[in-house]
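Shown next: entry.csv, given as CSV, N, CA and C atoms.
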```
chain,number,residue,atom,x,y,z
Q,91,MET,N,0.8,-1.2,0.0
Q,91,MET,CA,0.0,0.0,0.0
Q,91,MET,C,0.9,1.3,0.0
Q,92,GLN,N,2.0,1.2,0.6
Q,92,GLN,CA,2.9,2.3,0.7
Q,92,GLN,C,3.4,2.7,-0.7
Q,93,ARG,N,3.7,1.7,-1.6
Q,93,ARG,CA,4.1,2.0,-3.0
Q,93,ARG,C,2.9,2.7,-3.7
Q,94,GLU,N,1.7,2.2,-3.5
Q,94,GLU,CA,0.6,2.9,-4.2
Q,94,GLU,C,0.5,4.3,-3.7
Q,95,TRP,N,0.7,4.6,-2.4
Q,95,TRP,CA,0.6,5.9,-1.9
Q,95,TRP,C,1.6,6.8,-2.6
Q,96,GLU,N,2.8,6.3,-2.8
Q,96,GLU,CA,3.9,7.1,-3.4
Q,96,GLU,C,3.5,7.4,-4.9
Q,97,ARG,N,3.0,6.4,-5.6
Q,97,ARG,CA,2.6,6.5,-7.0
Q,97,ARG,C,1.4,7.5,-7.1
Q,98,ARG,N,0.5,7.4,-6.2
Q,98,ARG,CA,-0.7,8.3,-6.2
Q,98,ARG,C,-0.3,9.8,-6.0
Q,99,THR,N,0.6,10.0,-5.0
Q,99,THR,CA,1.1,11.4,-4.8
Q,99,THR,C,1.8,11.9,-6.0
Q,100,GLN,N,2.6,11.1,-6.7
Q,100,GLN,CA,3.3,11.5,-7.9
Q,100,GLN,C,2.2,11.9,-9.0
Q,101,CYS,N,1.2,11.0,-9.1
Q,101,CYS,CA,0.2,11.3,-10.1
Q,101,CYS,C,-0.6,12.6,-9.8
Q,102,ILE,N,-0.8,12.8,-8.5
Q,102,ILE,CA,-1.5,14.0,-8.1
Q,102,ILE,C,-0.7,15.2,-8.4
Q,103,SER,N,0.6,15.1,-8.2
Q,103,SER,CA,1.5,16.2,-8.5
Q,103,SER,C,1.5,16.5,-10.0
Q,104,CYS,N,1.5,15.5,-10.8
Q,104,CYS,CA,1.4,15.7,-12.3
Q,104,CYS,C,0.1,16.4,-12.7
Q,105,CYS,N,-1.0,15.9,-12.0
Q,105,CYS,CA,-2.3,16.6,-12.3
Q,105,CYS,C,-2.3,18.0,-11.9
Q,106,ILE,N,-1.7,18.3,-10.8
Q,106,ILE,CA,-1.6,19.7,-10.4
Q,106,ILE,C,-0.8,20.5,-11.4
Q,107,GLU,N,0.3,20.0,-11.9
Q,107,GLU,CA,1.1,20.7,-12.9
Q,107,GLU,C,0.3,20.9,-14.2
Q,108,GLN,N,-0.5,19.9,-14.6
Q,108,GLN,CA,-1.3,20.0,-15.8
Q,108,GLN,C,-2.4,21.1,-15.6
Q,109,CYS,N,-2.9,21.2,-14.4
Q,109,CYS,CA,-3.9,22.3,-14.1
Q,109,CYS,C,-3.2,23.6,-14.2
Q,110,ARG,N,-2.0,23.8,-13.7
Q,110,ARG,CA,-1.3,25.0,-13.7
Q,110,ARG,C,-1.0,25.4,-15.2
Q,111,LEU,N,-0.5,24.4,-16.0
Q,111,LEU,CA,-0.2,24.7,-17.4
Q,111,LEU,C,-1.4,25.1,-18.2
Q,112,ASN,N,-2.5,24.6,-17.8
Q,112,ASN,CA,-3.8,24.9,-18.6
Q,112,ASN,C,-4.5,26.1,-18.0
Q,113,GLY,N,-4.0,26.7,-16.9
Q,113,GLY,CA,-4.6,27.9,-16.3
Q,113,GLY,C,-5.9,27.5,-15.5
Q,114,LEU,N,-6.0,26.3,-15.0
Q,114,LEU,CA,-7.1,25.9,-14.3
Q,114,LEU,C,-6.9,26.1,-12.8
Q,115,ARG,N,-8.0,26.3,-12.1
Q,115,ARG,CA,-7.9,26.3,-10.6
Q,115,ARG,C,-7.4,25.0,-10.1
Q,116,ILE,N,-6.6,25.0,-9.1
Q,116,ILE,CA,-6.1,23.8,-8.5
Q,116,ILE,C,-6.9,23.5,-7.3
Q,117,PRO,N,-7.5,22.3,-7.3
Q,117,PRO,CA,-8.3,21.9,-6.1
Q,117,PRO,C,-7.4,21.7,-4.9
Q,118,LYS,N,-8.0,22.0,-3.7
Q,118,LYS,CA,-7.2,21.7,-2.5
Q,118,LYS,C,-6.9,20.3,-2.3
Q,119,GLN,N,-5.8,20.0,-1.8
Q,119,GLN,CA,-5.3,18.6,-1.6
Q,119,GLN,C,-5.5,18.2,-0.2
Q,120,ARG,N,-6.7,17.7,0.2
Q,120,ARG,CA,-6.9,17.4,1.6
Q,120,ARG,C,-6.3,16.0,1.9
Q,121,VAL,N,-6.0,15.2,0.9
Q,121,VAL,CA,-5.4,13.9,1.2
Q,121,VAL,C,-4.0,14.0,1.8
Q,122,ILE,N,-3.3,15.1,1.5
Q,122,ILE,CA,-1.9,15.2,2.0
Q,122,ILE,C,-2.0,15.4,3.5
Q,123,LEU,N,-3.0,16.0,4.0
Q,123,LEU,CA,-3.2,16.2,5.5
Q,123,LEU,C,-3.7,15.1,6.3
Q,124,MET,N,-4.2,14.0,5.5
Q,124,MET,CA,-4.8,12.9,6.2
Q,124,MET,C,-3.7,12.0,6.9
Q,125,PRO,N,-4.1,11.5,8.1
Q,125,PRO,CA,-3.1,10.6,8.8
Q,125,PRO,C,-3.0,9.3,8.0
Q,126,ARG,N,-1.7,8.8,8.1
Q,126,ARG,CA,-1.4,7.5,7.4
Q,126,ARG,C,-0.6,6.6,8.3
Q,127,ASN,N,-0.8,6.6,9.5
Q,127,ASN,CA,0.0,5.9,10.5
Q,127,ASN,C,-0.3,4.4,10.6
Q,128,THR,N,-1.6,4.1,10.4
Q,128,THR,CA,-2.0,2.7,10.4
Q,128,THR,C,-2.4,2.2,9.1
Q,129,PRO,N,-2.5,0.9,8.8
Q,129,PRO,CA,-3.0,0.4,7.5
Q,129,PRO,C,-4.4,0.9,7.2
Q,130,GLN,N,-5.2,1.0,8.2
Q,130,GLN,CA,-6.6,1.5,8.0
Q,130,GLN,C,-6.6,2.9,7.6
Q,131,GLN,N,-5.8,3.8,8.2
Q,131,GLN,CA,-5.7,5.2,7.9
Q,131,GLN,C,-5.1,5.3,6.5
Q,132,LEU,N,-4.2,4.5,6.1
Q,132,LEU,CA,-3.5,4.6,4.8
Q,132,LEU,C,-4.6,4.2,3.7
Q,133,GLU,N,-5.4,3.2,4.0
Q,133,GLU,CA,-6.4,2.7,3.1
Q,133,GLU,C,-7.4,3.9,2.8
Q,134,VAL,N,-7.8,4.6,3.9
Q,134,VAL,CA,-8.8,5.7,3.7
Q,134,VAL,C,-8.1,6.8,2.9
Q,135,ALA,N,-6.8,7.1,3.2
Q,135,ALA,CA,-6.1,8.1,2.5
Q,135,ALA,C,-5.9,7.8,1.0
Q,136,LEU,N,-5.7,6.5,0.7
Q,136,LEU,CA,-5.6,6.0,-0.7
Q,136,LEU,C,-6.9,6.2,-1.4
Q,137,PHE,N,-8.0,5.9,-0.8
Q,137,PHE,CA,-9.3,6.1,-1.4
Q,137,PHE,C,-9.5,7.5,-1.8
Q,138,ARG,N,-9.2,8.4,-0.8
Q,138,ARG,CA,-9.3,9.9,-1.1
Q,138,ARG,C,-8.3,10.3,-2.2
Q,139,ALA,N,-7.1,9.8,-2.2
Q,139,ALA,CA,-6.2,10.1,-3.2
Q,139,ALA,C,-6.7,9.7,-4.6
Q,140,ARG,N,-7.2,8.5,-4.7
Q,140,ARG,CA,-7.8,8.1,-6.0
Q,140,ARG,C,-8.9,9.0,-6.4
Q,141,GLU,N,-9.8,9.4,-5.5
Q,141,GLU,CA,-10.9,10.3,-5.8
Q,141,GLU,C,-10.3,11.7,-6.3
Q,142,GLU,N,-9.4,12.2,-5.6
Q,142,GLU,CA,-8.8,13.6,-6.0
Q,142,GLU,C,-8.1,13.5,-7.3
Q,143,GLU,N,-7.4,12.4,-7.6
Q,143,GLU,CA,-6.7,12.3,-8.8
Q,143,GLU,C,-7.7,12.2,-10.0
Q,144,ASN,N,-8.7,11.4,-9.8
Q,144,ASN,CA,-9.7,11.2,-10.8
Q,144,ASN,C,-10.4,12.5,-11.1
Q,145,ARG,N,-10.8,13.2,-10.1
Q,145,ARG,CA,-11.5,14.5,-10.3
Q,145,ARG,C,-10.6,15.5,-11.1
Q,146,MET,N,-9.3,15.5,-10.7
Q,146,MET,CA,-8.4,16.5,-11.4
Q,146,MET,C,-8.2,16.1,-12.9
Q,147,ARG,N,-8.1,14.8,-13.1
Q,147,ARG,CA,-8.0,14.3,-14.5
Q,147,ARG,C,-9.2,14.7,-15.3
Q,148,ILE,N,-10.4,14.5,-14.7
Q,148,ILE,CA,-11.6,14.9,-15.4
Q,148,ILE,C,-11.7,16.4,-15.7
Q,149,ARG,N,-11.2,17.2,-14.7
Q,149,ARG,CA,-11.1,18.6,-14.9
Q,149,ARG,C,-10.3,19.0,-16.1
Q,150,VAL,N,-9.1,18.4,-16.2
Q,150,VAL,CA,-8.2,18.7,-17.3
Q,150,VAL,C,-8.8,18.2,-18.6
Q,151,HIS,N,-9.4,17.0,-18.6
Q,151,HIS,CA,-10.1,16.5,-19.8
Q,151,HIS,C,-11.2,17.4,-20.3
Q,152,ARG,N,-12.0,17.9,-19.3
Q,152,ARG,CA,-13.1,18.8,-19.7
Q,152,ARG,C,-12.5,20.1,-20.3
Q,153,HIS,N,-11.4,20.6,-19.8
Q,153,HIS,CA,-10.8,21.8,-20.3
Q,153,HIS,C,-10.3,21.5,-21.7
Q,154,SER,N,-9.7,20.3,-21.9
Q,154,SER,CA,-9.2,20.0,-23.2
Q,154,SER,C,-10.3,19.9,-24.3
Q,155,LEU,N,-11.4,19.3,-23.9
Q,155,LEU,CA,-12.6,19.3,-24.8
Q,155,LEU,C,-13.1,20.7,-25.2
Q,156,ALA,N,-13.1,21.6,-24.2
Q,156,ALA,CA,-13.6,22.9,-24.5
Q,156,ALA,C,-12.6,23.6,-25.4
Q,157,ALA,N,-11.3,23.4,-25.2
Q,157,ALA,CA,-10.3,24.0,-26.0
Q,157,ALA,C,-10.4,23.5,-27.5
Q,158,ASP,N,-10.6,22.2,-27.6
Q,158,ASP,CA,-10.8,21.6,-28.9
Q,158,ASP,C,-12.1,22.2,-29.6
Q,159,ALA,N,-13.1,22.4,-28.8
Q,159,ALA,CA,-14.4,23.0,-29.4
Q,159,ALA,C,-14.1,24.4,-29.9
Q,160,ARG,N,-13.3,25.2,-29.1
Q,160,ARG,CA,-12.9,26.6,-29.6
Q,160,ARG,C,-12.1,26.5,-30.9
Q,161,MET,N,-11.2,25.6,-30.9
Q,161,MET,CA,-10.3,25.4,-32.1
Q,161,MET,C,-11.2,25.1,-33.3
Q,162,PHE,N,-12.1,24.1,-33.2
Q,162,PHE,CA,-13.0,23.8,-34.3
Q,162,PHE,C,-13.9,24.9,-34.7
Q,163,ALA,N,-14.3,25.7,-33.8
Q,163,ALA,CA,-15.2,26.9,-34.1
Q,163,ALA,C,-14.4,27.9,-34.9
Q,164,GLU,N,-13.1,28.1,-34.5
Q,164,GLU,CA,-12.2,29.1,-35.2
Q,164,GLU,C,-12.0,28.6,-36.6
Q,165,ASP,N,-11.9,27.3,-36.8
Q,165,ASP,CA,-11.7,26.7,-38.1
Q,165,ASP,C,-13.0,26.7,-39.0
Q,166,GLY,N,-14.1,27.0,-38.4
Q,166,GLY,CA,-15.4,27.0,-39.1
Q,166,GLY,C,-16.1,25.7,-39.1
Q,167,ASP,N,-15.6,24.7,-38.4
Q,167,ASP,CA,-16.3,23.4,-38.3
Q,167,ASP,C,-17.3,23.5,-37.1
Q,168,MET,N,-18.4,24.1,-37.3
Q,168,MET,CA,-19.3,24.3,-36.2
Q,168,MET,C,-20.0,23.0,-35.7
Q,169,LEU,N,-20.2,22.1,-36.6
Q,169,LEU,CA,-20.8,20.8,-36.2
Q,169,LEU,C,-19.9,20.1,-35.1
Q,170,ARG,N,-18.6,20.0,-35.5
Q,170,ARG,CA,-17.7,19.4,-34.5
Q,170,ARG,C,-17.5,20.3,-33.3
Q,171,ALA,N,-17.5,21.6,-33.4
Q,171,ALA,CA,-17.4,22.5,-32.3
Q,171,ALA,C,-18.5,22.3,-31.3
Q,172,ARG,N,-19.7,22.2,-31.8
Q,172,ARG,CA,-20.9,21.9,-31.0
Q,172,ARG,C,-20.8,20.6,-30.2
Q,173,GLN,N,-20.3,19.6,-31.0
Q,173,GLN,CA,-20.2,18.3,-30.4
Q,173,GLN,C,-19.2,18.3,-29.2
Q,174,TYR,N,-18.1,18.9,-29.4
Q,174,TYR,CA,-17.0,18.9,-28.4
Q,174,TYR,C,-17.5,19.8,-27.2
Q,175,HIS,N,-18.2,20.9,-27.5
Q,175,HIS,CA,-18.7,21.7,-26.4
Q,175,HIS,C,-19.7,20.9,-25.6
Q,176,GLN,N,-20.6,20.2,-26.2
Q,176,GLN,CA,-21.6,19.4,-25.5
Q,176,GLN,C,-20.9,18.3,-24.6
Q,177,TRP,N,-19.8,17.7,-25.2
Q,177,TRP,CA,-19.1,16.8,-24.3
Q,177,TRP,C,-18.4,17.5,-23.1
Q,178,SER,N,-17.9,18.7,-23.3
Q,178,SER,CA,-17.2,19.4,-22.3
Q,178,SER,C,-18.2,19.8,-21.1
Q,179,VAL,N,-19.5,19.9,-21.4
Q,179,VAL,CA,-20.4,20.3,-20.4
Q,179,VAL,C,-21.3,19.2,-20.0
Q,180,SER,N,-21.1,18.0,-20.5
Q,180,SER,CA,-21.9,16.9,-20.1
Q,180,SER,C,-21.8,16.5,-18.6
Q,181,ALA,N,-22.8,15.8,-18.1
Q,181,ALA,CA,-22.7,15.4,-16.7
Q,181,ALA,C,-21.6,14.4,-16.4
Q,182,GLU,N,-21.2,13.6,-17.4
Q,182,GLU,CA,-20.1,12.7,-17.2
Q,182,GLU,C,-18.8,13.4,-16.8
Q,183,ASN,N,-18.6,14.6,-17.3
Q,183,ASN,CA,-17.4,15.4,-17.1
Q,183,ASN,C,-17.6,16.4,-16.0
Q,184,ASP,N,-18.6,16.3,-15.2
Q,184,ASP,CA,-18.8,17.2,-14.1
Q,184,ASP,C,-18.6,16.6,-12.7
Q,185,SER,N,-17.8,15.6,-12.7
Q,185,SER,CA,-17.7,14.9,-11.4
Q,185,SER,C,-16.8,15.6,-10.4
Q,186,ASP,N,-16.1,16.7,-10.8
Q,186,ASP,CA,-15.3,17.4,-9.8
Q,186,ASP,C,-16.0,18.6,-9.1
Q,187,SER,N,-17.3,18.6,-9.2
Q,187,SER,CA,-18.0,19.7,-8.7
Q,187,SER,C,-18.0,19.8,-7.1
Q,188,PHE,N,-17.7,18.7,-6.5
Q,188,PHE,CA,-17.6,18.7,-5.0
Q,188,PHE,C,-16.2,19.1,-4.5
Q,189,MET,N,-15.3,19.2,-5.4
Q,189,MET,CA,-13.9,19.6,-4.9
Q,189,MET,C,-13.9,21.1,-4.8
Q,190,SER,N,-13.4,21.6,-3.8
Q,190,SER,CA,-13.3,23.0,-3.6
Q,190,SER,C,-11.9,23.5,-4.2
Q,191,ASP,N,-11.9,24.7,-4.7
Q,191,ASP,CA,-10.7,25.2,-5.3
Q,191,ASP,C,-9.9,26.0,-4.3
Q,192,GLU,N,-8.6,26.1,-4.6
Q,192,GLU,CA,-7.8,27.0,-3.7
Q,192,GLU,C,-8.1,28.4,-4.0
Q,193,ASP,N,-8.1,29.2,-3.0
Q,193,ASP,CA,-8.4,30.6,-3.1
Q,193,ASP,C,-7.2,31.4,-3.8
```

Just give me the structure as structure tokens.
Amino acid sequence: MQREWERRTQCISCCIEQCRLNGLRIPKQRVILMPRNTPQQLEVALFRAREEENRMRIRVHRHSLAADARMFAEDGDMLRARQYHQWSVSAENDSDSFMSDED
């Protein structure tokens, strides 16, 4: 479990960097503050880390879809632009709504 924790924290760091590069708000990382002294605490922290990582990945993906929609619109391909825009605002890509952003 310790190896997974190290891998998850690396992945979260990469997601944070992707958010910064794309100009997105960076969600607060509550998992870093969670205790990990016992196997049970580590398991709970890993679950939270998986959630936070997944939500950040969805946030970056949603931003990418919106950027592609803008690109297609600029190129005059309005059908594709509408499709990508709809994907970017679909409920499937809205799973990070419970994460709070850093101020």

Next item on the list: For a cut-off of 8 Å around (-3.6, 9.1, -2.1), file coordinates, pick out all residues using all atoms listed in the file and list them as number ranges by chain.
Entry: Q: 94-100, 102, 121-122, 132, 134-143

Checklist line | Interatomic distance (Å, one decimal) between CA of Ser178 (chain Q) and CA of Leu155 (chain Q) | finding: 5.2 Å

Next item on the list: Find the spatial neighbours of Arg172 (chain Q), counting only N, CA and C atoms, within a cut-off of 8 Å - ignore same-chain residues fewer than 6 positions away - and output them as a ChimeraX atom specification.
Entry: /Q:158-160,162-163,178

Next item on the list: Report the distance between atom N of Arg152 (chain Q) and CA of Met168 (chain Q) in Å, rounded to one decimal place.
Entry: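 If I compute the distance from atom N of Arg152 (chain Q) to CA of Met168 (chain Q), I get 19.5 Å.
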
Note to self: Nearest residue to Ile116 (chain Q) out of Q:Gln92, Q:Leu169, Q:Arg145, Q:Gln131, using only C-alpha atoms?
What the structure shows: Q:Arg145

Next item on the list: Name the closest residue to Arg147 (chain Q) among the candidates Q:Arg93, Q:Trp177, Q:Cys105, Q:Gly166; distances are taken between atoms, counting all atoms listed in the file.
Entry: Q:Cys105

Check: What gap, in Å, lies between CA of Ala157 (chain Q) and atom N of Ser103 (chain Q)?
Finding: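 For CA of Ala157 (chain Q) relative to atom N of Ser103 (chain Q), the distance reads 22.7 Å.
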
Name the residues of region 113-168 of chain Q that come out as helix (DSSP H, G or I) in a backbone DSSP run; write them as a short mmCIF file (atom, residue, chain, number, x, y, z; two decimals) with N, CA and C atoms, keeping the file's coordinate frame.
```cif
data_model
loop_
_atom_site.label_atom_id
_atom_site.label_comp_id
_atom_site.auth_asym_id
_atom_site.auth_seq_id
_atom_site.Cartn_x
_atom_site.Cartn_y
_atom_site.Cartn_z
N ARG Q 120 -6.70 17.70 0.20
CA ARG Q 120 -6.90 17.40 1.60
C ARG Q 120 -6.30 16.00 1.90
N VAL Q 121 -6.00 15.20 0.90
CA VAL Q 121 -5.40 13.90 1.20
C VAL Q 121 -4.00 14.00 1.80
N ILE Q 122 -3.30 15.10 1.50
CA ILE Q 122 -1.90 15.20 2.00
C ILE Q 122 -2.00 15.40 3.50
N LEU Q 123 -3.00 16.00 4.00
CA LEU Q 123 -3.20 16.20 5.50
C LEU Q 123 -3.70 15.10 6.30
N PRO Q 129 -2.50 0.90 8.80
CA PRO Q 129 -3.00 0.40 7.50
C PRO Q 129 -4.40 0.90 7.20
N GLN Q 130 -5.20 1.00 8.20
CA GLN Q 130 -6.60 1.50 8.00
C GLN Q 130 -6.60 2.90 7.60
N GLN Q 131 -5.80 3.80 8.20
CA GLN Q 131 -5.70 5.20 7.90
C GLN Q 131 -5.10 5.30 6.50
N LEU Q 132 -4.20 4.50 6.10
CA LEU Q 132 -3.50 4.60 4.80
C LEU Q 132 -4.60 4.20 3.70
N GLU Q 133 -5.40 3.20 4.00
CA GLU Q 133 -6.40 2.70 3.10
C GLU Q 133 -7.40 3.90 2.80
N VAL Q 134 -7.80 4.60 3.90
CA VAL Q 134 -8.80 5.70 3.70
C VAL Q 134 -8.10 6.80 2.90
N ALA Q 135 -6.80 7.10 3.20
CA ALA Q 135 -6.10 8.10 2.50
C ALA Q 135 -5.90 7.80 1.00
N LEU Q 136 -5.70 6.50 0.70
CA LEU Q 136 -5.60 6.00 -0.70
C LEU Q 136 -6.90 6.20 -1.40
N PHE Q 137 -8.00 5.90 -0.80
CA PHE Q 137 -9.30 6.10 -1.40
C PHE Q 137 -9.50 7.50 -1.80
N ARG Q 138 -9.20 8.40 -0.80
CA ARG Q 138 -9.30 9.90 -1.10
C ARG Q 138 -8.30 10.30 -2.20
N ALA Q 139 -7.10 9.80 -2.20
CA ALA Q 139 -6.20 10.10 -3.20
C ALA Q 139 -6.70 9.70 -4.60
N ARG Q 140 -7.20 8.50 -4.70
CA ARG Q 140 -7.80 8.10 -6.00
C ARG Q 140 -8.90 9.00 -6.40
N GLU Q 141 -9.80 9.40 -5.50
CA GLU Q 141 -10.90 10.30 -5.80
C GLU Q 141 -10.30 11.70 -6.30
N GLU Q 142 -9.40 12.20 -5.60
CA GLU Q 142 -8.80 13.60 -6.00
C GLU Q 142 -8.10 13.50 -7.30
N GLU Q 143 -7.40 12.40 -7.60
CA GLU Q 143 -6.70 12.30 -8.80
C GLU Q 143 -7.70 12.20 -10.00
N ASN Q 144 -8.70 11.40 -9.80
CA ASN Q 144 -9.70 11.20 -10.80
C ASN Q 144 -10.40 12.50 -11.10
N ARG Q 145 -10.80 13.20 -10.10
CA ARG Q 145 -11.50 14.50 -10.30
C ARG Q 145 -10.60 15.50 -11.10
N MET Q 146 -9.30 15.50 -10.70
CA MET Q 146 -8.40 16.50 -11.40
C MET Q 146 -8.20 16.10 -12.90
N ARG Q 147 -8.10 14.80 -13.10
CA ARG Q 147 -8.00 14.30 -14.50
C ARG Q 147 -9.20 14.70 -15.30
N ILE Q 148 -10.40 14.50 -14.70
CA ILE Q 148 -11.60 14.90 -15.40
C ILE Q 148 -11.70 16.40 -15.70
N ARG Q 149 -11.20 17.20 -14.70
CA ARG Q 149 -11.10 18.60 -14.90
C ARG Q 149 -10.30 19.00 -16.10
N VAL Q 150 -9.10 18.40 -16.20
CA VAL Q 150 -8.20 18.70 -17.30
C VAL Q 150 -8.80 18.20 -18.60
N HIS Q 151 -9.40 17.00 -18.60
CA HIS Q 151 -10.10 16.50 -19.80
C HIS Q 151 -11.20 17.40 -20.30
N ARG Q 152 -12.00 17.90 -19.30
CA ARG Q 152 -13.10 18.80 -19.70
C ARG Q 152 -12.50 20.10 -20.30
N HIS Q 153 -11.40 20.60 -19.80
CA HIS Q 153 -10.80 21.80 -20.30
C HIS Q 153 -10.30 21.50 -21.70
N SER Q 154 -9.70 20.30 -21.90
CA SER Q 154 -9.20 20.00 -23.20
C SER Q 154 -10.30 19.90 -24.30
N LEU Q 155 -11.40 19.30 -23.90
CA LEU Q 155 -12.60 19.30 -24.80
C LEU Q 155 -13.10 20.70 -25.20
N ALA Q 156 -13.10 21.60 -24.20
CA ALA Q 156 -13.60 22.90 -24.50
C ALA Q 156 -12.60 23.60 -25.40
N ALA Q 157 -11.30 23.40 -25.20
CA ALA Q 157 -10.30 24.00 -26.00
C ALA Q 157 -10.40 23.50 -27.50
N ASP Q 158 -10.60 22.20 -27.60
CA ASP Q 158 -10.80 21.60 -28.90
C ASP Q 158 -12.10 22.20 -29.60
N ALA Q 159 -13.10 22.40 -28.80
CA ALA Q 159 -14.40 23.00 -29.40
C ALA Q 159 -14.10 24.40 -29.90
N ARG Q 160 -13.30 25.20 -29.10
CA ARG Q 160 -12.90 26.60 -29.60
C ARG Q 160 -12.10 26.50 -30.90
N MET Q 161 -11.20 25.60 -30.90
CA MET Q 161 -10.30 25.40 -32.10
C MET Q 161 -11.20 25.10 -33.30
N PHE Q 162 -12.10 24.10 -33.20
CA PHE Q 162 -13.00 23.80 -34.30
C PHE Q 162 -13.90 24.90 -34.70
N ALA Q 163 -14.30 25.70 -33.80
CA ALA Q 163 -15.20 26.90 -34.10
C ALA Q 163 -14.40 27.90 -34.90
N GLU Q 164 -13.10 28.10 -34.50
CA GLU Q 164 -12.20 29.10 -35.20
C GLU Q 164 -12.00 28.60 -36.60
N MET Q 168 -18.40 24.10 -37.30
CA MET Q 168 -19.30 24.30 -36.20
C MET Q 168 -20.00 23.00 -35.70
#
```
